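A.B. asks: Quick one, model_2.cif (mmCIF, C-alpha atoms):
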data_my_file
#
loop_
_atom_site.label_atom_id
_atom_site.label_comp_id
_atom_site.auth_asym_id
_atom_site.auth_seq_id
_atom_site.Cartn_x
_atom_site.Cartn_y
_atom_site.Cartn_z
CA MET A 1 -45.07 -144.72 166.60
CA PRO A 2 -44.40 -141.07 167.39
CA VAL A 3 -41.88 -140.36 170.11
CA ALA A 4 -44.58 -138.35 171.89
CA LEU A 5 -46.09 -141.54 173.32
CA GLN A 6 -44.66 -144.68 174.86
CA PHE A 7 -46.77 -147.48 176.30
CA ASP A 8 -45.23 -150.23 178.41
CA LEU A 9 -47.09 -153.28 179.69
CA LEU A 10 -45.82 -154.01 183.17
CA ALA A 11 -48.03 -156.90 184.32
CA LYS A 12 -50.94 -159.08 183.27
CA ASP A 13 -53.45 -160.78 185.50
CA PRO A 14 -53.21 -164.56 185.12
CA ASP A 15 -56.97 -165.16 185.41
CA SER A 16 -58.45 -162.25 183.46
CA ALA A 17 -57.57 -159.87 180.63
CA ALA A 18 -56.59 -157.10 183.08
CA ARG A 19 -53.37 -155.26 182.21
CA ARG A 20 -51.07 -153.01 184.23
CA GLY A 21 -49.31 -150.46 182.08
CA ARG A 22 -47.44 -147.18 181.96
CA LEU A 23 -48.17 -144.45 179.45
CA THR A 24 -45.38 -141.90 178.97
CA LEU A 25 -46.54 -138.63 177.40
CA PRO A 26 -44.95 -135.19 176.86
CA HIS A 27 -46.47 -133.83 180.07
CA GLY A 28 -45.89 -136.80 182.31
CA VAL A 29 -46.35 -140.47 183.11
CA VAL A 30 -49.78 -142.06 183.46
CA GLU A 31 -50.13 -145.34 185.32
CA THR A 32 -52.80 -147.57 183.81
CA PRO A 33 -55.54 -148.64 184.23
CA ILE A 34 -56.55 -145.02 184.72
CA PHE A 35 -59.70 -142.97 185.16
CA MET A 36 -59.58 -139.50 183.59
CA PRO A 37 -61.65 -136.71 185.18
CA VAL A 38 -63.55 -134.68 182.58
CA GLY A 39 -62.73 -130.98 182.22
CA THR A 40 -65.19 -130.13 179.47
CA ALA A 41 -64.48 -126.40 179.09
CA ALA A 42 -60.87 -126.35 180.33
CA SER A 43 -62.02 -126.89 183.91
CA VAL A 44 -63.02 -129.90 185.96
CA LYS A 45 -66.23 -128.47 187.38
CA ALA A 46 -66.13 -127.07 190.94
CA ILE A 47 -62.44 -127.76 191.65
CA ALA A 48 -59.06 -126.30 190.69
CA PRO A 49 -55.95 -127.89 189.17
CA ASP A 50 -54.18 -127.91 192.55
CA ASP A 51 -57.12 -129.93 193.95
CA LEU A 52 -56.68 -132.44 191.11
CA ASP A 53 -52.97 -132.64 191.82
CA ARG A 54 -53.50 -133.29 195.53
CA ILE A 55 -56.02 -136.08 195.01
CA GLY A 56 -53.65 -137.80 192.56
CA ALA A 57 -55.27 -137.23 189.16
CA GLN A 58 -52.74 -138.09 186.48
CA ILE A 59 -54.51 -137.02 183.28
CA ILE A 60 -57.68 -135.09 182.50
CA LEU A 61 -59.94 -134.76 179.49
CA GLY A 62 -60.89 -131.61 177.57
CA ASN A 63 -63.69 -131.21 175.03
CA THR A 64 -62.96 -130.12 171.47
CA TYR A 65 -66.52 -129.12 170.60
CA HIS A 66 -66.97 -126.82 173.60
CA LEU A 67 -63.53 -125.22 173.35
CA PHE A 68 -63.92 -124.78 169.58
CA LEU A 69 -67.07 -122.76 170.21
CA ARG A 70 -65.89 -120.92 173.33
CA PRO A 71 -63.35 -119.40 173.80
CA GLY A 72 -61.92 -120.72 170.51
CA HIS A 73 -58.81 -122.83 169.95
CA GLU A 74 -56.83 -119.90 168.52
CA LEU A 75 -57.21 -117.97 171.77
CA VAL A 76 -56.29 -121.02 173.84
CA GLN A 77 -53.20 -121.55 171.67
CA ARG A 78 -52.11 -117.94 172.21
CA HIS A 79 -52.27 -118.56 175.96
CA GLY A 80 -49.97 -121.56 175.94
CA GLY A 81 -52.43 -124.25 174.86
CA LEU A 82 -54.72 -125.95 177.35
CA HIS A 83 -51.86 -126.65 179.75
CA GLY A 84 -50.90 -122.99 180.02
CA PHE A 85 -54.44 -121.65 179.76
CA MET A 86 -55.75 -123.69 182.69
CA SER A 87 -52.46 -124.07 184.62
CA TRP A 88 -52.38 -127.85 184.45
CA ASP A 89 -48.93 -129.26 183.76
CA LYS A 90 -49.86 -132.94 183.54
CA PRO A 91 -51.20 -134.85 180.52
CA ILE A 92 -54.44 -133.92 178.77
CA LEU A 93 -56.58 -135.92 176.36
CA THR A 94 -59.08 -134.18 174.08
CA ASP A 95 -62.01 -135.87 172.40
CA SER A 96 -62.75 -135.10 168.76
CA GLY A 97 -66.00 -133.21 169.25
CA GLY A 98 -67.94 -135.78 167.27
CA PHE A 99 -70.17 -137.02 170.07
CA GLN A 100 -71.12 -133.49 171.13
CA VAL A 101 -71.97 -132.50 167.56
CA TYR A 102 -74.55 -135.27 167.45
CA SER A 103 -75.85 -134.86 171.00
CA LEU A 104 -75.79 -131.07 171.55
CA ALA A 105 -75.69 -129.22 168.25
CA GLU A 106 -78.83 -127.96 166.55
CA ALA A 107 -79.82 -128.57 162.93
CA ARG A 108 -76.75 -130.67 162.12
CA LYS A 109 -76.13 -132.05 158.65
CA ILE A 110 -73.68 -134.88 158.09
CA SER A 111 -71.86 -135.14 154.77
CA GLU A 112 -68.69 -136.72 153.50
CA GLU A 113 -66.89 -133.45 154.19
CA GLY A 114 -67.89 -133.33 157.85
CA VAL A 115 -70.72 -131.98 159.97
CA VAL A 116 -72.34 -128.57 159.59
CA PHE A 117 -74.25 -127.56 162.69
CA ARG A 118 -75.63 -124.64 164.64
CA SER A 119 -73.95 -123.84 167.94
CA HIS A 120 -76.02 -124.65 171.01
CA ILE A 121 -74.57 -121.45 172.52
CA ASP A 122 -75.53 -118.75 170.01
CA GLY A 123 -77.04 -120.54 167.02
CA SER A 124 -74.15 -119.61 164.73
CA LYS A 125 -73.45 -121.92 161.81
CA ARG A 126 -70.23 -123.91 162.31
CA MET A 127 -68.48 -126.86 160.75
CA LEU A 128 -66.35 -129.70 162.08
CA SER A 129 -64.50 -132.05 159.75
CA PRO A 130 -61.66 -134.49 160.32
CA GLU A 131 -59.17 -131.81 159.32
CA VAL A 132 -60.74 -129.10 161.50
CA SER A 133 -61.00 -131.42 164.50
CA ILE A 134 -57.32 -132.35 164.29
CA ALA A 135 -56.27 -128.72 163.79
CA VAL A 136 -58.30 -127.66 166.84
CA GLN A 137 -56.91 -130.43 169.03
CA GLU A 138 -53.32 -129.77 167.98
CA ALA A 139 -53.82 -126.06 168.69
CA LEU A 140 -55.14 -126.98 172.14
CA GLY A 141 -51.88 -128.89 172.66
CA ALA A 142 -53.32 -132.09 174.10
CA ASP A 143 -51.01 -135.05 174.68
CA VAL A 144 -53.61 -137.45 173.23
CA ILE A 145 -56.05 -136.43 170.50
CA MET A 146 -58.94 -138.43 169.08
CA ALA A 147 -59.97 -139.13 165.49
CA PHE A 148 -63.19 -137.44 164.35
CA ASP A 149 -65.94 -140.05 164.19
CA GLU A 150 -69.68 -140.51 164.16
CA CYS A 151 -71.35 -142.12 167.15
CA PRO A 152 -74.62 -143.64 165.87
CA PRO A 153 -77.51 -143.87 168.37
CA ALA A 154 -77.67 -147.28 170.03
CA GLY A 155 -81.00 -148.13 168.41
CA SER A 156 -79.96 -147.30 164.85
CA GLU A 157 -80.76 -149.76 162.08
CA ARG A 158 -77.95 -152.02 160.95
CA ARG A 159 -77.84 -150.37 157.52
CA TYR A 160 -77.19 -147.00 159.14
CA PHE A 161 -74.38 -148.50 161.22
CA GLU A 162 -72.77 -149.91 158.08
CA GLN A 163 -72.89 -146.56 156.30
CA SER A 164 -71.68 -144.68 159.38
CA LEU A 165 -68.76 -147.04 159.99
CA ALA A 166 -67.58 -146.74 156.40
CA ARG A 167 -67.65 -142.95 156.68
CA THR A 168 -65.88 -143.01 160.06
CA THR A 169 -63.11 -145.12 158.52
CA ARG A 170 -62.70 -142.62 155.70
CA TRP A 171 -62.67 -139.80 158.22
CA ALA A 172 -60.04 -141.63 160.31
CA LYS A 173 -57.75 -141.81 157.28
CA ARG A 174 -58.18 -138.09 156.76
CA CYS A 175 -57.42 -137.48 160.44
CA LYS A 176 -54.16 -139.38 160.08
CA GLU A 177 -53.25 -137.34 157.03
CA ALA A 178 -54.01 -134.08 158.85
CA TRP A 179 -52.17 -135.07 162.04
CA HIS A 180 -48.57 -133.97 162.63
CA PRO A 181 -46.93 -136.99 164.31
CA GLU A 182 -43.71 -135.06 164.83
CA GLY A 183 -45.53 -132.81 167.30
CA ASN A 184 -46.53 -133.40 170.90
CA SER A 185 -49.98 -134.90 170.24
CA SER A 186 -50.58 -138.62 169.67
CA LEU A 187 -53.62 -139.66 167.64
CA PHE A 188 -55.95 -142.45 168.75
CA GLY A 189 -58.39 -144.16 166.40
CA ILE A 190 -61.95 -144.99 167.46
CA VAL A 191 -63.76 -148.27 166.77
CA GLN A 192 -67.55 -148.09 166.53
CA GLY A 193 -70.20 -150.68 165.69
CA GLY A 194 -72.79 -150.61 168.46
CA LEU A 195 -73.61 -154.07 169.80
CA HIS A 196 -73.03 -155.76 166.43
CA GLU A 197 -70.09 -158.10 167.04
CA ASP A 198 -69.35 -158.61 163.34
CA LEU A 199 -69.42 -154.86 162.63
CA ARG A 200 -67.13 -154.17 165.57
CA LYS A 201 -64.67 -156.77 164.27
CA ALA A 202 -64.69 -155.42 160.73
CA HIS A 203 -64.33 -151.82 161.89
CA ALA A 204 -61.51 -152.70 164.28
CA GLU A 205 -59.60 -154.29 161.41
CA GLU A 206 -60.01 -151.14 159.31
CA ILE A 207 -59.09 -148.67 162.07
CA CYS A 208 -56.20 -150.71 163.46
CA ALA A 209 -54.73 -151.00 159.96
CA LEU A 210 -53.94 -147.26 160.24
CA ASP A 211 -51.22 -148.12 162.81
CA LEU A 212 -51.95 -145.27 165.23
CA PRO A 213 -50.40 -144.82 168.70
CA GLY A 214 -53.55 -146.00 170.51
CA TYR A 215 -57.15 -147.06 170.05
CA ALA A 216 -60.53 -146.47 171.66
CA LEU A 217 -63.89 -148.20 171.75
CA GLY A 218 -66.68 -145.67 171.22
CA GLY A 219 -70.44 -145.90 171.16
CA TYR A 220 -70.99 -147.49 174.57
CA SER A 221 -73.00 -146.27 177.57
CA VAL A 222 -75.47 -144.63 175.19
CA GLY A 223 -78.61 -146.40 176.36
CA GLU A 224 -77.83 -150.08 175.87
CA ALA A 225 -78.32 -152.60 178.69
CA ILE A 226 -75.26 -152.90 180.93
CA PRO A 227 -74.82 -156.70 180.47
CA ALA A 228 -74.97 -156.17 176.70
CA MET A 229 -72.27 -153.51 176.95
CA TYR A 230 -70.00 -155.81 178.97
CA ALA A 231 -70.54 -158.66 176.50
CA SER A 232 -69.64 -156.40 173.59
CA VAL A 233 -66.56 -154.94 175.28
CA SER A 234 -65.39 -158.47 176.11
CA THR A 235 -65.29 -159.36 172.40
CA SER A 236 -64.16 -155.93 171.15
CA ALA A 237 -61.23 -155.17 173.47
CA PRO A 238 -59.13 -158.14 172.25
CA LEU A 239 -59.50 -156.82 168.69
CA LEU A 240 -57.31 -153.84 169.59
CA PRO A 241 -53.50 -154.21 169.47
CA ALA A 242 -52.19 -155.69 172.70
CA GLU A 243 -49.08 -153.50 172.67
CA LYS A 244 -51.01 -150.21 172.52
CA PRO A 245 -53.27 -148.44 175.03
CA ARG A 246 -56.98 -149.29 174.94
CA TYR A 247 -59.49 -146.59 175.86
CA LEU A 248 -63.19 -147.14 176.58
CA MET A 249 -64.86 -143.79 175.98
CA GLY A 250 -67.52 -142.33 178.27
CA VAL A 251 -67.64 -145.23 180.74
CA GLY A 252 -68.55 -145.17 183.62
CA THR A 253 -69.64 -146.29 187.04
CA PRO A 254 -67.24 -147.86 189.55
CA GLU A 255 -68.77 -151.23 188.61
CA ASP A 256 -68.11 -150.50 184.94
CA LEU A 257 -64.47 -149.68 185.62
CA VAL A 258 -63.80 -152.79 187.69
CA THR A 259 -65.57 -155.04 185.19
CA CYS A 260 -64.05 -153.55 182.04
CA VAL A 261 -60.50 -153.51 183.41
CA GLY A 262 -60.95 -157.26 183.67
CA LEU A 263 -61.88 -157.28 179.98
CA GLY A 264 -58.62 -155.61 178.95
CA ILE A 265 -59.32 -151.86 179.05
CA ASP A 266 -56.60 -149.39 180.13
CA MET A 267 -58.23 -145.95 180.05
CA PHE A 268 -61.64 -144.55 181.05
CA ASP A 269 -63.36 -141.19 181.26
CA CYS A 270 -66.82 -140.16 182.42
CA VAL A 271 -68.62 -137.09 183.79
CA LEU A 272 -70.35 -139.31 186.34
CA PRO A 273 -68.33 -138.55 189.50
CA THR A 274 -68.42 -134.78 188.96
CA ARG A 275 -72.03 -134.62 187.76
CA THR A 276 -73.38 -136.79 190.56
CA ALA A 277 -71.38 -134.74 193.08
CA ARG A 278 -73.35 -131.68 192.01
CA ASN A 279 -76.55 -133.68 192.50
CA ALA A 280 -75.73 -134.85 196.04
CA ARG A 281 -74.92 -138.47 195.08
CA LEU A 282 -71.61 -139.51 196.61
CA TYR A 283 -69.66 -142.73 196.11
CA THR A 284 -68.37 -144.33 199.30
CA SER A 285 -67.01 -147.63 200.54
CA GLU A 286 -70.47 -148.20 202.05
CA GLY A 287 -72.33 -147.61 198.79
CA ILE A 288 -73.92 -144.49 197.33
CA VAL A 289 -74.89 -141.75 199.77
CA ASN A 290 -77.53 -139.18 198.82
CA ILE A 291 -76.28 -136.48 201.13
CA LYS A 292 -79.40 -134.29 200.89
CA ASN A 293 -81.51 -136.94 202.65
CA ALA A 294 -82.96 -136.09 206.06
CA ARG A 295 -81.30 -139.11 207.66
CA TYR A 296 -77.98 -137.21 207.61
CA ALA A 297 -79.29 -134.00 209.20
CA ASP A 298 -77.70 -134.72 212.59
CA ASP A 299 -75.03 -137.22 211.51
CA ALA A 300 -71.68 -136.26 213.03
CA GLY A 301 -69.73 -138.97 211.24
CA PRO A 302 -67.54 -138.50 208.17
CA LEU A 303 -69.00 -139.14 204.73
CA ASP A 304 -66.75 -142.19 204.33
CA PRO A 305 -64.60 -143.24 207.31
CA LYS A 306 -62.27 -145.12 204.95
CA CYS A 307 -61.63 -142.13 202.67
CA ARG A 308 -58.49 -139.96 202.80
CA CYS A 309 -59.96 -136.93 201.01
CA TYR A 310 -60.16 -133.40 202.46
CA THR A 311 -63.95 -133.65 202.65
CA CYS A 312 -63.99 -136.84 204.69
CA THR A 313 -61.15 -135.85 207.02
CA HIS A 314 -62.59 -132.41 207.89
CA PHE A 315 -66.39 -132.39 207.68
CA SER A 316 -69.41 -134.31 208.93
CA ARG A 317 -72.29 -135.67 206.93
CA ALA A 318 -74.54 -133.17 208.72
CA TYR A 319 -72.42 -130.26 207.49
CA LEU A 320 -72.30 -131.59 203.93
CA ARG A 321 -76.08 -131.97 203.95
CA HIS A 322 -76.48 -128.44 205.29
CA LEU A 323 -74.23 -126.99 202.58
CA TYR A 324 -76.08 -128.75 199.80
CA ASN A 325 -79.58 -127.96 201.03
CA ALA A 326 -78.62 -124.32 201.69
CA GLY A 327 -77.35 -123.96 198.13
CA GLU A 328 -73.82 -123.14 199.26
CA LEU A 329 -71.24 -123.34 196.48
CA LEU A 330 -68.79 -125.08 198.83
CA ALA A 331 -71.02 -128.16 198.61
CA TYR A 332 -70.07 -128.65 194.97
CA ARG A 333 -66.35 -128.44 195.70
CA LEU A 334 -66.38 -130.77 198.71
CA ASN A 335 -68.63 -133.31 197.01
CA THR A 336 -66.53 -133.28 193.84
CA LEU A 337 -63.28 -133.64 195.76
CA HIS A 338 -64.68 -136.71 197.45
CA ASN A 339 -66.13 -138.41 194.38
CA LEU A 340 -62.98 -137.93 192.31
CA THR A 341 -60.81 -139.16 195.19
CA TYR A 342 -63.00 -142.26 195.36
CA PHE A 343 -62.44 -142.95 191.66
CA VAL A 344 -58.70 -142.21 191.82
CA ASP A 345 -58.22 -144.49 194.82
CA LEU A 346 -60.34 -147.24 193.27
CA MET A 347 -58.04 -147.29 190.24
CA ALA A 348 -55.01 -147.44 192.53
CA GLU A 349 -56.52 -150.56 194.13
CA VAL A 350 -57.14 -151.96 190.66
CA ARG A 351 -53.51 -151.46 189.63
CA LYS A 352 -52.22 -153.04 192.85
CA ALA A 353 -54.42 -156.10 192.41
CA ILE A 354 -53.14 -156.61 188.85
CA GLU A 355 -49.52 -156.17 189.94
CA GLU A 356 -50.02 -158.87 192.57
CA GLY A 357 -51.68 -161.26 190.12
CA ARG A 358 -54.98 -161.42 192.02
CA TYR A 359 -57.26 -159.19 189.97
CA ALA A 360 -59.85 -161.78 189.02
CA ALA A 361 -60.44 -162.77 192.64
CA TRP A 362 -60.24 -159.19 193.91
CA SER A 363 -62.70 -157.83 191.35
CA LYS A 364 -65.19 -160.65 191.99
CA ALA A 365 -65.12 -159.97 195.72
CA TRP A 366 -65.31 -156.19 195.19
CA LEU A 367 -68.32 -156.41 192.88
CA GLU A 368 -70.16 -158.75 195.23
CA GLU A 369 -69.49 -156.49 198.23
CA ARG A 370 -70.52 -153.43 196.23
CA ALA A 371 -73.81 -154.98 195.18
CA LEU A 372 -74.52 -155.98 198.79
CA ARG A 373 -73.84 -152.46 200.10
CA ILE A 374 -76.11 -150.90 197.49
CA ARG A 375 -78.94 -153.34 198.36
CA GLU A 376 -78.50 -152.55 202.06
CA ASN A 377 -78.63 -148.81 201.40
CA LYS A 378 -81.84 -149.16 199.39
CA ALA A 379 -83.39 -151.32 202.09
CA GLY A 380 -82.41 -148.82 204.77
#
Represent the structure from my file as structure tokens, please.

C.D. replies:
Amino acid sequence: MPVALQFDLLAKDPDSAARRGRLTLPHGVVETPIFMPVGTAASVKAIAPDDLDRIGAQIILGNTYHLFLRPGHELVQRHGGLHGFMSWDKPILTDSGGFQVYSLAEARKISEEGVVFRSHIDGSKRMLSPEVSIAVQEALGADVIMAFDECPPAGSERRYFEQSLARTTRWAKRCKEAWHPEGNSSLFGIVQGGLHEDLRKAHAEEICALDLPGYALGGYSVGEAIPAMYASVSTSAPLLPAEKPRYLMGVGTPEDLVTCVGLGIDMFDCVLPTRTARNARLYTSEGIVNIKNARYADDAGPLDPKCRCYTCTHFSRAYLRHLYNAGELLAYRLNTLHNLTYFVDLMAEVRKAIEEGRYAAWSKAWLEERALRIRENKAG
């Protein structure tokens, strides 16, 4: 294992697969389980790095595809890598760009070499391959970089999954060959396979045989039913090495985090808290609040009386509703600060419950209370 990454397991829950760990990276220590805010284009939308620092974010995610297209990894490297470019001195994880190539790019063509596509920005013809993806991510200077993979649509035929997984394994081997383990970036492999338990198992064996610093489960939260996702994660997570960090990509809701921590996952990322903040949906201890609703027009109370964030300790629901409905840019900042604080604090509760050996009971009670609050909000 490269010296750039150290993962220590500190505690295990006696009644679930939940793990409490510590991930030591070149730019700092990350306490796991952890939720990583998404900073797609070298910025977590609507807030600044000092905001992230104050709310307690430990690691953020950057997007290879977007930064490859604009402003370009060479420019970012000249400005001190992502850390220097965006003035964030804590750890950063970058994804490989694979998912965005398939979901955003126009006229893409997949071959053994890689993916040729047209930029969604200007239509220019570009190419990402395992070697290019690794070179871009190393130039960006991320602490954790991801292997270039293909994420098949959830409804793909089994035969396509089989072909895609074989190609992703070959690409992962090329990523390892292109990676410079003596540097500051640690490479994670990605296990795909959709909801096919046997394909997940076979692919995990192939990817884990590469002996990389960490591993991720990809291809979830792409349209499958939530119970099916949980069932698949429950059988897939134990396939990853117990002594290395386990990352569930692109997931998810607070319920997803609490459930999947109990299945053995250490790391999560999702655009959900920032995206929903910009759409007036706010996560609170009382359920989800749609702050643009008329019911909050004259509400003098805080958004969430149990929340420590700047938004909740300084502003009323009436003011937040006014900002959003008036189209004021401050609405995006205040809403985002709150939602990310909610996620950060939830993961702190998660870690504490694991440390105290009560995660199974705590998570059961939390999920039941959460479901009740959401039903009450809908009824009201």

A.B. asks: Choose the residue, out of A:Ala348, A:Leu52, A:Met249, A:Cys260, that has the smallest atom-to-atom separation from Ser221 of chain A; count only C-alpha atoms.

C.D. replies: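 So, comparing all the options, the nearest one is A:Met249.
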
A.B. asks: Translate the PyMOL selection byres ((chain A and resi 19-35) around 6), as applied to the file shown, into an explicit residue set as a list in words.

C.D. replies: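 For this structure, the PyMOL selection byres ((chain A and resi 19-35) around 6) captures Ala4, Leu5, Gln6, Phe7, Asp8, Leu9, Leu10, Ala11, Lys12, Ala18, Met36, Gln58, Lys90, Pro91, Asp266, Met267, Phe268 and Asp269 of chain A.
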
A.B. asks: With only C-alpha atoms as the counted atoms, please give the residues lying no more than 9 Å from Glu356 of chain A, apart from itself and same-chain residues fewer than 4 positions off, as a list in words.

C.D. replies: Ala11, Asp13, Arg351 and Lys352 of chain A

A.B. asks: Can you work out the spacing between atom CA of Arg295 of chain A and atom CA of Asp345 of chain A in Å, to one decimal?

C.D. replies: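 Taking atom CA of Arg295 of chain A and atom CA of Asp345 of chain A, their separation equals 27.0 Å.
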
A.B. asks: Counting all atoms listed in the file, what is within 6 Å of Arg246 of chain A, bar same-chain residues fewer than 6 positions away, as a VMD selection string?

C.D. replies: chain A and resid 215 to 216 265 to 266

A.B. asks: I want to know what sits within 7 Å of Ala172 of chain A, based on only C-alpha atoms, with residues of the same chain fewer than 6 positions away left out; could you give that as a count of residues only?

C.D. replies: 3

A.B. asks: Which residue, A:Lys109, A:His83, A:Arg281, A:Arg200, has the smallest gap to Ala42 of chain A when you use all atoms listed in the file?

C.D. replies: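 Ranking A:Lys109, A:His83, A:Arg281, A:Arg200 by distance to Ala42 of chain A, first place goes to A:His83.
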
A.B. asks: Starting from the shown file, work through the PyMOL selection byres ((chain A and resi 262) around 6) and note down what comes out as a CSV table (one decimal) with C-alpha atoms, in the coordinates of the input.

C.D. replies:
chain,number,residue,atom,x,y,z
A,16,SER,CA,-58.4,-162.2,183.5
A,17,ALA,CA,-57.6,-159.9,180.6
A,18,ALA,CA,-56.6,-157.1,183.1
A,259,THR,CA,-65.6,-155.0,185.2
A,260,CYS,CA,-64.0,-153.6,182.0
A,261,VAL,CA,-60.5,-153.5,183.4
A,263,LEU,CA,-61.9,-157.3,180.0
A,264,GLY,CA,-58.6,-155.6,179.0

A.B. asks: When you count all atoms listed in the file, which of these residues is closest to Glu74 of chain A: A:Ala371, A:Val136, A:Val251, A:Leu217?

C.D. replies: A:Val136

A.B. asks: Residues within 12 Å of Ile110 of chain A, please, as a ChimeraX atom specification. Count only C-alpha atoms; anything in the same chain fewer than 6 positions from it doesn't count.

C.D. replies: /A:98,101-102,116-117,127-129,149-152,163-164,167-168

A.B. asks: Which one is closest to Leu140 of chain A: A:Phe99, A:Tyr220, A:Phe68, A:Phe188? Count only C-alpha atoms.

C.D. replies: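 Once distances to Leu140 of chain A are computed over only C-alpha atoms, the minimum belongs to A:Phe68.
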
A.B. asks: As a PDB file, in the frame of the given file, could you write out segment 280-299 of chain A once it has been completed with N, CA and C atoms?

C.D. replies:
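Here's the written file selection.pdb:
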ATOM      1  N   ALA A 280     -75.692-134.317 194.676  1.00  0.00           N
ATOM      2  CA  ALA A 280     -75.730-134.850 196.040  1.00  0.00           C
ATOM      3  C   ALA A 280     -75.538-136.359 196.138  1.00  0.00           C
ATOM      4  N   ARG A 281     -75.159-137.015 195.050  1.00  0.00           N
ATOM      5  CA  ARG A 281     -74.920-138.470 195.080  1.00  0.00           C
ATOM      6  C   ARG A 281     -73.417-138.718 195.206  1.00  0.00           C
ATOM      7  N   LEU A 282     -73.025-139.363 196.286  1.00  0.00           N
ATOM      8  CA  LEU A 282     -71.610-139.510 196.610  1.00  0.00           C
ATOM      9  C   LEU A 282     -71.244-140.990 196.725  1.00  0.00           C
ATOM     10  N   TYR A 283     -70.126-141.345 196.117  1.00  0.00           N
ATOM     11  CA  TYR A 283     -69.660-142.730 196.110  1.00  0.00           C
ATOM     12  C   TYR A 283     -68.790-142.976 197.340  1.00  0.00           C
ATOM     13  N   THR A 284     -69.128-144.012 198.096  1.00  0.00           N
ATOM     14  CA  THR A 284     -68.370-144.330 199.300  1.00  0.00           C
ATOM     15  C   THR A 284     -68.129-145.835 199.382  1.00  0.00           C
ATOM     16  N   SER A 285     -67.285-146.214 200.326  1.00  0.00           N
ATOM     17  CA  SER A 285     -67.010-147.630 200.540  1.00  0.00           C
ATOM     18  C   SER A 285     -68.241-148.362 201.067  1.00  0.00           C
ATOM     19  N   GLU A 286     -69.238-147.609 201.522  1.00  0.00           N
ATOM     20  CA  GLU A 286     -70.470-148.200 202.050  1.00  0.00           C
ATOM     21  C   GLU A 286     -71.621-148.118 201.045  1.00  0.00           C
ATOM     22  N   GLY A 287     -71.305-147.750 199.816  1.00  0.00           N
ATOM     23  CA  GLY A 287     -72.330-147.610 198.790  1.00  0.00           C
ATOM     24  C   GLY A 287     -72.535-146.157 198.412  1.00  0.00           C
ATOM     25  N   ILE A 288     -73.635-145.859 197.773  1.00  0.00           N
ATOM     26  CA  ILE A 288     -73.920-144.490 197.330  1.00  0.00           C
ATOM     27  C   ILE A 288     -74.713-143.761 198.410  1.00  0.00           C
ATOM     28  N   VAL A 289     -74.232-142.584 198.766  1.00  0.00           N
ATOM     29  CA  VAL A 289     -74.890-141.750 199.770  1.00  0.00           C
ATOM     30  C   VAL A 289     -75.544-140.561 199.070  1.00  0.00           C
ATOM     31  N   ASN A 290     -76.835-140.380 199.291  1.00  0.00           N
ATOM     32  CA  ASN A 290     -77.530-139.180 198.820  1.00  0.00           C
ATOM     33  C   ASN A 290     -77.538-138.198 199.982  1.00  0.00           C
ATOM     34  N   ILE A 291     -76.572-137.282 199.955  1.00  0.00           N
ATOM     35  CA  ILE A 291     -76.280-136.480 201.130  1.00  0.00           C
ATOM     36  C   ILE A 291     -77.390-135.489 201.472  1.00  0.00           C
ATOM     37  N   LYS A 292     -78.320-135.233 200.575  1.00  0.00           N
ATOM     38  CA  LYS A 292     -79.400-134.290 200.890  1.00  0.00           C
ATOM     39  C   LYS A 292     -80.525-134.934 201.710  1.00  0.00           C
ATOM     40  N   ASN A 293     -80.449-136.242 201.921  1.00  0.00           N
ATOM     41  CA  ASN A 293     -81.510-136.940 202.650  1.00  0.00           C
ATOM     42  C   ASN A 293     -81.554-136.519 204.126  1.00  0.00           C
ATOM     43  N   ALA A 294     -82.752-136.515 204.676  1.00  0.00           N
ATOM     44  CA  ALA A 294     -82.960-136.090 206.060  1.00  0.00           C
ATOM     45  C   ALA A 294     -82.226-136.959 207.071  1.00  0.00           C
ATOM     46  N   ARG A 295     -81.966-138.205 206.717  1.00  0.00           N
ATOM     47  CA  ARG A 295     -81.300-139.110 207.660  1.00  0.00           C
ATOM     48  C   ARG A 295     -79.922-138.624 208.067  1.00  0.00           C
ATOM     49  N   TYR A 296     -79.320-137.696 207.288  1.00  0.00           N
ATOM     50  CA  TYR A 296     -77.980-137.210 207.610  1.00  0.00           C
ATOM     51  C   TYR A 296     -77.987-135.843 208.309  1.00  0.00           C
ATOM     52  N   ALA A 297     -79.170-135.344 208.642  1.00  0.00           N
ATOM     53  CA  ALA A 297     -79.290-134.000 209.200  1.00  0.00           C
ATOM     54  C   ALA A 297     -78.498-133.794 210.487  1.00  0.00           C
ATOM     55  N   ASP A 298     -78.391-134.841 211.301  1.00  0.00           N
ATOM     56  CA  ASP A 298     -77.700-134.720 212.590  1.00  0.00           C
ATOM     57  C   ASP A 298     -76.588-135.758 212.711  1.00  0.00           C
ATOM     58  N   ASP A 299     -76.042-136.171 211.552  1.00  0.00           N
ATOM     59  CA  ASP A 299     -75.030-137.220 211.510  1.00  0.00           C
ATOM     60  C   ASP A 299     -73.642-136.600 211.637  1.00  0.00           C
TER      61      ASP A 299
END
